[in-house]
Each structure stands twice: as C-alpha cells, then as structure tokens.
$ cat data.txt   # compact mmCIF, C-alpha atoms and all ligand atoms
# COMPACT_ATOMS: atom_id res chain seq x y z
CA MET A 180 49.59 -24.55 50.14
CA ALA A 181 49.23 -22.65 46.91
CA ILE A 182 46.46 -20.40 45.68
CA GLU A 183 44.93 -22.23 42.72
CA ARG A 184 42.19 -21.71 40.19
CA THR A 185 39.75 -24.40 39.17
CA PHE A 186 36.81 -24.66 36.79
CA SER A 187 33.29 -25.33 38.06
CA MET A 188 29.87 -25.75 36.45
CA ILE A 189 26.42 -25.63 37.96
CA LYS A 190 24.66 -28.09 35.66
CA PRO A 191 21.19 -27.77 34.06
CA ASP A 192 19.48 -30.06 36.60
CA ALA A 193 20.46 -27.50 39.26
CA THR A 194 19.81 -24.27 37.34
CA LYS A 195 16.34 -25.60 36.42
CA ARG A 196 15.60 -26.03 40.13
CA ASN A 197 16.83 -22.48 40.86
CA LEU A 198 19.83 -23.70 42.88
CA THR A 199 22.51 -21.37 41.44
CA GLY A 200 22.64 -19.27 44.61
CA ALA A 201 22.42 -22.21 47.04
CA ILE A 202 25.28 -24.04 45.31
CA THR A 203 27.43 -20.92 44.94
CA LYS A 204 26.95 -20.28 48.68
CA MET A 205 28.25 -23.78 49.47
CA LEU A 206 31.34 -23.09 47.33
CA GLU A 207 31.90 -19.71 49.00
CA ASP A 208 31.35 -21.13 52.48
CA ALA A 209 34.08 -23.68 51.70
CA GLY A 210 36.50 -20.77 51.16
CA LEU A 211 36.39 -20.59 47.37
CA ARG A 212 36.00 -17.25 45.55
CA VAL A 213 34.07 -16.89 42.29
CA VAL A 214 36.48 -14.87 40.12
CA ALA A 215 34.56 -15.41 36.85
CA SER A 216 30.98 -16.50 36.17
CA LYS A 217 28.52 -16.63 33.28
CA ARG A 218 25.33 -18.43 32.39
CA VAL A 219 25.48 -20.33 29.11
CA TRP A 220 23.15 -22.69 27.28
CA MET A 221 25.76 -24.89 25.68
CA SER A 222 25.42 -26.27 22.17
CA LYS A 223 25.75 -29.97 21.38
CA ARG A 224 29.12 -29.22 19.83
CA GLU A 225 30.34 -27.34 22.91
CA ALA A 226 29.22 -30.16 25.21
CA GLU A 227 30.84 -32.83 23.01
CA GLY A 228 34.08 -30.83 22.92
CA PHE A 229 34.12 -30.16 26.64
CA TYR A 230 33.51 -33.83 27.51
CA ALA A 231 35.62 -35.29 24.65
CA VAL A 232 37.62 -37.35 27.17
CA HIS A 233 34.44 -39.38 27.80
CA LYS A 234 33.43 -39.89 24.16
CA GLU A 235 33.93 -43.68 24.19
CA ARG A 236 31.96 -44.13 27.43
CA PRO A 237 28.46 -45.68 27.24
CA PHE A 238 26.91 -42.66 28.98
CA PHE A 239 28.37 -40.07 26.55
CA GLY A 240 25.13 -39.49 24.60
CA GLU A 241 23.12 -39.13 27.80
CA LEU A 242 25.77 -36.75 29.20
CA VAL A 243 25.62 -34.47 26.14
CA ASP A 244 21.79 -34.52 26.15
CA THR A 245 21.70 -33.64 29.85
CA MET A 246 24.24 -30.84 29.55
CA THR A 247 22.36 -29.23 26.66
CA SER A 248 18.91 -29.54 28.27
CA GLY A 249 19.04 -26.12 29.98
CA PRO A 250 21.35 -23.35 31.13
CA THR A 251 24.64 -24.03 32.90
CA VAL A 252 26.59 -21.59 35.08
CA VAL A 253 30.31 -21.82 34.27
CA GLN A 254 32.65 -20.42 36.91
CA VAL A 255 36.30 -20.00 37.79
CA LEU A 256 36.96 -20.57 41.49
CA GLU A 257 40.05 -19.37 43.30
CA GLY A 258 41.48 -20.26 46.69
CA GLU A 259 43.97 -22.29 48.70
CA ASN A 260 44.14 -25.77 47.21
CA ALA A 261 41.06 -24.90 45.12
CA ILE A 262 41.10 -27.96 42.84
CA LEU A 263 40.98 -30.55 45.62
CA LYS A 264 38.81 -28.38 47.87
CA ASN A 265 36.18 -28.07 45.14
CA ARG A 266 36.19 -31.83 44.53
CA GLU A 267 35.68 -32.37 48.27
CA ILE A 268 32.74 -29.98 48.58
CA MET A 269 31.19 -31.45 45.39
CA GLY A 270 31.15 -35.03 46.74
CA ALA A 271 31.30 -38.32 44.83
CA THR A 272 30.08 -38.56 41.20
CA ASN A 273 27.18 -40.78 42.27
CA PRO A 274 25.20 -38.89 44.94
CA ALA A 275 24.37 -42.22 46.59
CA ASN A 276 28.07 -42.44 47.51
CA ALA A 277 28.58 -38.77 48.40
CA ASP A 278 29.48 -37.69 51.92
CA GLU A 279 26.96 -35.84 54.08
CA GLY A 280 26.97 -32.08 53.55
CA THR A 281 28.47 -32.19 50.05
CA ILE A 282 26.75 -30.45 47.14
CA ARG A 283 25.93 -33.72 45.40
CA LYS A 284 24.60 -35.32 48.58
CA VAL A 285 22.36 -32.32 49.28
CA HIS A 286 21.24 -31.43 45.74
CA ALA A 287 22.01 -34.09 43.09
CA LEU A 288 19.23 -36.22 41.61
CA SER A 289 21.26 -39.10 40.14
CA ILE A 290 24.69 -39.97 38.74
CA GLY A 291 23.69 -38.34 35.44
CA GLU A 292 22.00 -35.31 37.00
CA ASN A 293 24.61 -34.60 39.65
CA SER A 294 24.33 -30.79 39.78
CA VAL A 295 28.00 -29.77 39.53
CA HIS A 296 31.23 -30.30 37.63
CA GLY A 297 34.73 -29.60 38.94
CA SER A 298 38.17 -30.01 37.37
CA ASP A 299 40.09 -33.02 38.66
CA ALA A 300 43.75 -31.85 38.28
CA PRO A 301 45.84 -28.74 37.52
CA GLU A 302 46.14 -29.61 33.81
CA THR A 303 42.40 -30.13 33.32
CA ALA A 304 41.63 -27.00 35.36
CA ALA A 305 43.79 -24.89 33.03
CA GLN A 306 42.28 -26.50 29.90
CA GLU A 307 38.69 -26.20 31.11
CA ILE A 308 39.05 -22.57 32.22
CA LYS A 309 40.43 -21.76 28.77
CA TYR A 310 37.59 -23.62 27.06
CA TRP A 311 34.99 -21.23 28.53
CA PHE A 312 36.77 -18.00 29.50
CA SER A 313 39.14 -15.47 27.97
CA ASP A 314 41.74 -13.94 30.33
CA THR A 315 39.86 -10.64 30.45
CA GLU A 316 36.72 -12.35 31.79
CA ILE A 317 38.55 -13.50 34.93
CA VAL A 318 38.42 -10.43 37.10
CA GLY A 319 39.35 -11.55 40.63
P1 LIG B 1 32.99 -36.29 37.82
O1 LIG B 1 31.97 -35.30 37.29
O2 LIG B 1 32.74 -36.62 39.27
O3 LIG B 1 34.41 -35.86 37.56
P2 LIG B 1 33.32 -38.22 35.64
O4 LIG B 1 34.40 -37.33 35.12
O5 LIG B 1 33.65 -39.67 35.85
O6 LIG B 1 32.75 -37.67 37.05
O7 LIG B 1 32.05 -38.17 34.68
C1 LIG B 1 31.64 -36.95 34.10
C2 LIG B 1 30.13 -36.83 34.20
O8 LIG B 1 29.53 -37.86 33.39
C3 LIG B 1 29.55 -37.07 35.60
O9 LIG B 1 29.60 -35.93 36.42
C4 LIG B 1 28.13 -37.47 35.26
O10 LIG B 1 27.33 -36.32 34.95
C5 LIG B 1 28.31 -38.28 33.99
N1 LIG B 1 28.40 -39.71 34.30
C6 LIG B 1 29.47 -40.38 34.81
N2 LIG B 1 29.20 -41.68 34.97
C7 LIG B 1 27.92 -41.86 34.55
C8 LIG B 1 27.05 -42.99 34.45
N3 LIG B 1 27.43 -44.21 34.84
N4 LIG B 1 25.79 -42.78 33.97
C9 LIG B 1 25.38 -41.55 33.57
N5 LIG B 1 26.16 -40.45 33.63
C10 LIG B 1 27.41 -40.59 34.11
MG MG B 2 35.42 -35.63 35.76

$ encode --input "data.txt" --output "structure tokens"
Amino acid sequence: MAIERTFSMIKPDATKRNLTGAITKMLEDAGLRVVASKRVWMSKREAEGFYAVHKERPFFGELVDTMTSGPTVVQVLEGENAILKNREIMGATNPANADEGTIRKVHALSIGENSVHGSDAPETAAQEIKYWFSDTEIVG
C-alpha cells in the first residue's frame, strides 16, 4: 500500500459546535496525520468554485450557503491508503446511512450538515489540496 495524501474539511456545522479537536482525534486515531491545517471562512465564490462539480444539483445553493455559514478547517491528511481510509472513517454522506463509529454517524446533523468532507479519488485529492494550499504550507 502506498502513502497517500488526501484533502479533508471540518465543515461549519462542526466548527460551530466546537468539534474541531474531536474530529481531528478520530482522523488521527484512524492512522492519518495532519500535515497541513488552517481555519478559513470561505467566500461564496470559493465555495462555488470548490463544489463546481455539483453546480447542476438541486442542493447546490443550500450547499454553498451551508459552507459559507461559519468557519471551516481545511486539512491535508497523509497516511497509508489515506484517500480510502478517510472516506471510511467519515462514513456515508447521509448520517442516517453511516456505519457505527464513523465521524458522520457520531457527529453529523443531516445530509446537508454532515460535518466533514473528504476527497473521493487521487485526482480530486490532488486538485482539492491545490485549491486550498500552496506547497510550502504542507509541512509534514
Ligand atoms: P460526499 O461529501 O460524501 O462526497 P457528495 O460529493 O455526493 O458527498 O456531496 C457533497 C456534499 O453536498 C455532501 O457532503 C453534502 O454536504 C451535500 N449534499 C449531498 N447531497 C445532498 C442532499 N441531497 N441534500 C443536501 N445536501 C446534500
Ligand atoms: Mg464528494
């Protein structure tokens, strides 16, 4: 298995409830290392650009509103098989369908306020890391 990097966000519903540490601990306990991290309050334009792949979906407006409603913690995670491992510890998009012990099962409020984001493939991980971080901000 390869050491990979993936992109993660702790979304506003979670930062508002002071869950940054609790969620980061779940990521670390799963064997992932935070190699870059910053707290950002994203603009509408940043949120629309980040989620451009979903722009035709009926929930796009709600998604942009939710993501700009408070601070987000953007992170780069590193570890063995990090992309898939992060998706596993996150749990299903809808917390009602998420496995026991996953971040979304434990912390998410709804499908729209589901506490975390994680890249879904190597290509999106590379794109999403680049969207939020310069190379010098990823410090190991
Ligand atoms: P994931 O975050 O699990 O990769 P998607 O890429 O399908 O899920 O969707 C991106 C985000 O859009 C979700 O995390 C969620 O915040 C929001 N979203 C997805 N589907 C819905 C929906 N039916 N209603 C409201 N928000 C949604
Ligand atoms: Mg997705």

$ residues_near_ligand --input "data.txt" --ligand "ligand LIG 1 (chain B)" --cutoff "10 Å" --atoms "all atoms listed in the file" --output "PyMOL selection string"
chain A and resi 188+190+230+232-233+236-243+245-246+266+269-274+283+287+289-299

$ atom_distance --input "data.txt" --atom1 "CA of Ile182 (chain A)" --atom2 "CA of Glu257 (chain A)"
6.9 Å

$ closest_residue --input "data.txt" --among "A:Ile202, A:Ser248, A:Glu307, A:Phe312" --to "ligand MG 2 (chain B)" --atoms "only C-alpha atoms and all ligand atoms"
A:Glu307

$ atom_distance --input "data.txt" --atom1 "CA of Ser187 (chain A)" --atom2 "CA of Trp311 (chain A)"
10.5 Å

$ closest_residue --input "data.txt" --among "A:Phe186, A:Val219, A:Ala277, A:Asp314" --to "ligand MG 2 (chain B)" --atoms "only C-alpha atoms and all ligand atoms"
A:Phe186

$ closest_residue --input "data.txt" --among "A:Ile268, A:Leu256, A:Leu263, A:Ile189" --to "Val285 (chain A)" --atoms "only C-alpha atoms"
A:Ile268

$ residues_around --input "data.txt" --residues "Ser313 (chain A)" --least-positions-apart "4" --cutoff "12 Å" --atoms "all atoms listed in the file" --output "PyMOL selection string"
chain A and resi 215-217+255+305-309+317-318

$ closest_residue --input "data.txt" --among "A:Arg184, A:Thr315, A:Glu235, A:Phe229" --to "ligand MG 2 (chain B)" --atoms "only C-alpha atoms and all ligand atoms"
A:Phe229

$ atom_distance --input "data.txt" --atom1 "CA of Glu183 (chain A)" --atom2 "CA of Thr203 (chain A)"
17.7 Å

$ closest_residue --input "data.txt" --among "A:Ala275, A:Met180, A:Ile262, A:Ala201" --to "ligand MG 2 (chain B)" --atoms "all atoms listed in the file"
A:Ile262

$ closest_residue --input "data.txt" --among "A:Thr185, A:Thr281, A:Thr251, A:Asn276" --to "Pro301 (chain A)" --atoms "all atoms listed in the file"
A:Thr185
